[in-house]
Number of protein chains: 2
Amino acid sequence: MTGAPSSSPLTPGSTIGILGGGQLGRMLAQAAAQLGLHTHIYCPNKQAPAFEVANAQTIADFDDDDALREFAQNCDAVTFEFENIPLHAADLVADITPFYPGRKALDISQDRGTEKSFLQELGIQVADWWSVENASDLATAMDECGAKAVLKTRRLGYDGKGQVTLDPQSDPTNALGQLENQPAILERMIPFEREVSVVLVRSLQGDVSCYDIPCNHHEGGILRRSTIPCNISPELTQSAKEAATKIATALDYIGVLAVEFFVTNDGNSQQLLVNEFAPRVHNTGHWTLDACLCSQFENHIRATAGWPLGPTQRHSNAVMTNLLGPDVMEWQTLASQPDLALHLYGKTGTQKGRKLGHKTQISRKTD
Amino acid sequence: MTGAPSSSPLTPGSTIGILGGGQLGRMLAQAAAQLGLHTHIYCPNKQAPAFEVANAQTIADFDDDDALREFAQNCDAVTFEFENIPLHAADLVADITPFYPGRKALDISQDRGTEKSFLQELGIQVADWWSVENASDLATAMDECGAKAVLKTRRLGYDGKGQVTLDPQSDPTNALGQLENQPAILERMIPFEREVSVVLVRSLQGDVSCYDIPCNHHEGGILRRSTIPCNISPELTQSAKEAATKIATALDYIGVLAVEFFVTNDGNSQQLLVNEFAPRVHNTGHWTLDACLCSQFENHIRATAGWPLGPTQRHSNAVMTNLLGPDVMEWQTLASQPDLALHLYGKTGTQKGRKLGHKTQISRKTD
């Protein structure tokens with residue numbers, strides 16, 4: 001068996017392996033089942049919500065080489081649901097079976113500094129940033145920036161974790177201490193008008209198709225709401241889709257890719273800055289489950305299986321809102337709303353900020 | 001533990017048991033998972049397609065009382081995906097846990113004669129019919145009918161099985177022999193203009209909501225295609241929905257009910273005759289997965305769990321076509337069609353007439 005990409009699509013009845021068993025893995029497994037494809041979930045967490053909707057489960061750590069090898073041998077292709085899969089695990093799997101979206105995307109997206117350099121090499125605009133190894137680096141960077149900025153760990157940050165907001169007057173040593181002195185970057189804080197994202201899918205054959213662009217609203221670093229359509233200009237829409245497509249192509253990417261943008265306004269016109277990209281299905285694409293015939297999850301599975309891409313057009317307007325922590329206690333009220341789709345992830349516990357479900361309100365398409 | 005219906009809804013994390021593990025059970029389990037509800041599938045067939053998307057499985061026959069009892073004890077409510085569940089099994093389960101849509105619907109729908117009498121007692125129009133126990137009964141019935149007719153076994157017929165079409169000249173003994181001399185009914189053949197169906201859902205609280213009415217096209221006794229909207233008059237639409245609602249109410253029904261109608265035309269106006277009803281999610285409601293925010297499967301799960309009903313409005317027009325037997329070999333071509341959703345049931349074998357999947361083409365809503 002070889003890890004080289006196959007040019008023929010996986011037939012129904014084949015097995016797609018998914019590294020990670022959270023809600024994204026769960027929704028991927030559900031999409032695969034609709035197409036008659038089996039899934040095998042690999043996750044260290046015994047309570048992983050994806051386990052219960054998949055055919056096969058492996059409960060093991062990402063440094064368990066034997067478990068990874070056996071998993072890979074049982075899968076006709078493997079993908080992942082989060083970008084912090086150790087590269088060692090990815091390499092081990094990729095030696096045995098086709099591995100998508102691909103090692104390069106995983107490698108680059110795991111380090112904020114590498115990611116920003118990669119984007120800049122492609123000629124894509126990002127916020128000013130500085131690499132920070134120690135307090136002296138940070139003092140210099142803060143000085144050069146001369147304005148509000150965000151200090152972010154290079155690795156393992158998500159949902160606002162591993163970030164500190166700094167004034168020019170903040171104490172560099174203290175700031176780095178808050179991030180446990182991990183390697184970091186300083187990023188100029190962008191006074192953005194709005195945040196938008198492009199969720200696209202790229203096939204094994206290199207075809208790219210973009211979903212409509214949502215406007216995203218975050219609270220405390222966590223996505224709260226995505227609204228579609230986002231009503232940015234056709235030119236800006238075009239630019240955002242082109243930038244995202246350029247990233248996907250440069251990564252030789254297979255599957256769903258999400259690229260987050262800041263939209264700024266200098267008083268004369270709007271500009272786009274890429275914030276970051278995620279090499280996976282994305283929270284800002286959850287609305288596609290209810291407002292498109294083929295969701296981001298189905299399209300990611302199609303790409304992973306070497307199938308033709310499904311349509312990305314939407315049939316309805318949508319507002320997707322995350323249900324965080326205690327929000328899910330309202331499930332009974334939510335279930336009685338007309339025009340609302342309710343998605344609960346089967347997780348236990350209602351800790352603040354924990355993503356436990358989402359709701360999508362749809363309405364007649366207006367464009 | 002009691003089998004009496006509870007007035008409070010099942011909380012997310014509860015378990016719904018499903019008797020039967022075919023594609024209907026599979027799609028019910030997938031709908032339950034979206035709502036954070038667990039499913040336990042009970043099916044004698046080891047290869048049941050529903051097993052792989054459910055939390056728990058029991059492989060046992062419907063006359064295995066111990067297995068049924070243990071299954072019921074592990075479920076917070078139980079429903080079924082086909083109407084030929086033995087009543088003994090239903091009673092055993094219903095003694096332990098709430099059982100929906102209910103025993104009465106199951107009992108009546110298992111016998112075509114009982115079903116027709118029930119409908120007539122409600123004042124609902126059906127085709128002329130005669131009860132047939134032997135060749136002498138049949139000869140009398142054929143004589144009274146005096147036209148083309150269909151001889152159907154009272155029990156266990158589906159997808160055109162257990163049926164013989166008769167001329168007034170046919171030999172009664174031979175006809176009954178073809179049905180292995182089982183108790184039967186003779187039904188006047190209806191020169192219908194079209195076939196339509198009402199798929200409705202009724203909640204534990206007695207609320208009823210009807211999906212839009214599809215026009216259904218059968219080939220060889222098997223549903224081939226459902227088209228929505230069906231373009232019957234508002235008056236006929238209203239009458240069909242009223243008749244279906246009357247049936248559901250008379251059965252004290254909880255869940256999705258499908259009622260099939262013949263639309264006839266005497267040259268002056270259209271009339272409705274009920275063909276039969278099915279106490280379960282129905283093939284003529286599969287289009288709701290792709291053209292409605294809340295599918296028949298989700299609404300059946302909601303009703304079974306005592307939840308508020310979801311919206312039944314459609315957002316798009318739809319044409320649902322079954323993929324029978326070798327049709328699924330075309331999956332690669334089908335997967336590349338725009339505006340088409342593909343659903344494959346994960347079954348093996350491609351025998352002629354076997355329901356292996358369906359496709360739904362959607363288009364902009366026209367009404």
# chains A, B, ... in the order shown; residues from 1 in each chain; ligands from 1
>>> residues_around(residues="Leu293 of chain B", least_positions_apart="6", cutoff="9 Å", atoms="only C-alpha atoms", output="PyMOL selection string")
(chain A and resi 290-291+339-341+362) or (chain B and resi 310-315)
>>> write_last_selection(atoms="C-alpha atoms", output="compact mmCIF listing (two decimals), in the first residue's frame")
# COMPACT_ATOMS: atom_id res chain seq x y z
CA ASP A 290 -28.65 24.31 6.26
CA ALA A 291 -28.37 26.91 3.50
CA ASP A 339 -36.90 28.84 10.45
CA LEU A 340 -34.24 27.63 12.86
CA ALA A 341 -32.11 24.51 12.53
CA ILE A 362 -32.48 30.70 7.30
CA GLY B 310 -39.74 21.57 13.46
CA PRO B 311 -40.81 23.70 10.48
CA THR B 312 -42.27 21.74 7.55
CA GLN B 313 -42.06 24.53 4.95
CA ARG B 314 -39.85 23.87 1.97
CA HIS B 315 -37.23 26.36 0.77
>>> interface_residues(of="chain B", to="chain A", cutoff="6 Å", atoms="only C-alpha atoms", output="count of residues only")
15
>>> residues_around(residues="Glu235 of chain A", least_positions_apart="5", cutoff="10 Å", atoms="only C-alpha atoms", output="list in words")
Ala240, Lys241 and Gln270 of chain A
>>> select_by_dssp(residues="segment 114-264 of chain A", states="strand (DSSP E)", output="ChimeraX atom specification")
/A:129-132,149-153,163-166,184-188,194-202,208-210,215-219,222-228,255-264
>>> atom_distance(atom1="atom CA of Arg154 of chain A", atom2="atom CA of Phe82 of chain A")
16.0 Å
>>> residues_around(residues="Ala77 of chain A", least_positions_apart="4", cutoff="8 Å", atoms="only C-alpha atoms", output="PyMOL selection string")
chain A and resi 15-17+72+97-100+304-305
>>> write_last_selection(atoms="C-alpha atoms", output="mmCIF file, in the first residue's frame")
data_model
loop_
_atom_site.group_PDB
_atom_site.id
_atom_site.type_symbol
_atom_site.label_atom_id
_atom_site.label_comp_id
_atom_site.auth_asym_id
_atom_site.auth_seq_id
_atom_site.Cartn_x
_atom_site.Cartn_y
_atom_site.Cartn_z
ATOM 1 C CA THR A 15 -13.219 4.012 4.692
ATOM 2 C CA ILE A 16 -12.069 7.548 5.424
ATOM 3 C CA GLY A 17 -9.996 7.983 8.553
ATOM 4 C CA ALA A 72 -3.791 4.087 8.642
ATOM 5 C CA THR A 97 -2.276 5.877 2.973
ATOM 6 C CA PRO A 98 -3.223 9.096 1.142
ATOM 7 C CA PHE A 99 -3.263 11.961 3.644
ATOM 8 C CA TYR A 100 -5.248 15.165 3.003
ATOM 9 C CA THR A 304 -10.739 13.524 0.445
ATOM 10 C CA ALA A 305 -12.358 10.639 -1.446
#
>>> residues_around(residues="Gly353 of chain A", least_positions_apart="4", cutoff="10 Å", atoms="only C-alpha atoms", output="VMD selection string")
chain A and resid 159 219 to 224 322 to 327
>>> write_last_selection(atoms="C-alpha atoms", output="JSON list (two decimals), in the first residue's frame")
[["chain", "number", "residue", "atom", "x", "y", "z"],
["A", 159, "ASP", "CA", -10.44, 30.51, 20.22],
["A", 219, "GLU", "CA", -16.79, 37.69, 21.31],
["A", 220, "GLY", "CA", -13.87, 37.08, 23.65],
["A", 221, "GLY", "CA", -11.89, 35.55, 20.80],
["A", 222, "ILE", "CA", -14.59, 32.96, 20.07],
["A", 223, "LEU", "CA", -16.82, 33.00, 17.00],
["A", 224, "ARG", "CA", -20.31, 33.99, 18.01],
["A", 322, "ASN", "CA", -22.73, 29.20, 18.15],
["A", 323, "LEU", "CA", -24.24, 27.73, 21.28],
["A", 324, "LEU", "CA", -21.53, 28.19, 23.88],
["A", 325, "GLY", "CA", -21.60, 26.58, 27.32],
["A", 326, "PRO", "CA", -24.88, 27.32, 29.09],
["A", 327, "ASP", "CA", -26.52, 28.51, 25.83]]
>>> closest_residue(among="A:Val150, A:Ala175, A:Met189, A:Leu119", to="Lys246 of chain A", atoms="only C-alpha atoms")
A:Leu119
>>> residues_around(residues="Met142 of chain B", least_positions_apart="5", cutoff="12 Å", atoms="only C-alpha atoms", output="ChimeraX atom specification")
/B:128-132,135-137,147-151,165-172,175,185-189
>>> atom_distance(atom1="atom CA of Val259 of chain A", atom2="atom CA of Leu204 of chain A")
19.4 Å
>>> atom_distance(atom1="atom CA of Gln57 of chain A", atom2="atom CA of Gly25 of chain B")
21.5 Å
>>> residues_around(residues="Ala60 of chain A", least_positions_apart="4", cutoff="8 Å", atoms="only C-alpha atoms", output="list in words")
Tyr42, Cys43, Pro44, Asn45, Asp64 and Ala67 of chain A
>>> write_last_selection(atoms="N, CA and C atoms", output="short mmCIF file (atom, residue, chain, number, x, y, z; two decimals), in the first residue's frame")
data_model
loop_
_atom_site.label_atom_id
_atom_site.label_comp_id
_atom_site.auth_asym_id
_atom_site.auth_seq_id
_atom_site.Cartn_x
_atom_site.Cartn_y
_atom_site.Cartn_z
N TYR A 42 -10.02 8.55 14.92
CA TYR A 42 -8.86 8.35 15.80
C TYR A 42 -8.82 9.53 16.76
N CYS A 43 -8.93 9.25 18.05
CA CYS A 43 -8.96 10.35 19.02
C CYS A 43 -8.53 9.84 20.39
N PRO A 44 -7.73 10.61 21.11
CA PRO A 44 -7.30 10.16 22.44
C PRO A 44 -8.42 10.23 23.48
N ASN A 45 -9.45 11.03 23.19
CA ASN A 45 -10.50 11.27 24.18
C ASN A 45 -11.62 10.22 24.08
N ASP A 64 1.22 7.43 19.68
CA ASP A 64 1.17 5.97 19.72
C ASP A 64 1.35 5.43 18.29
N ALA A 67 -0.64 2.29 17.11
CA ALA A 67 -2.07 2.57 16.90
C ALA A 67 -2.27 3.37 15.62
#
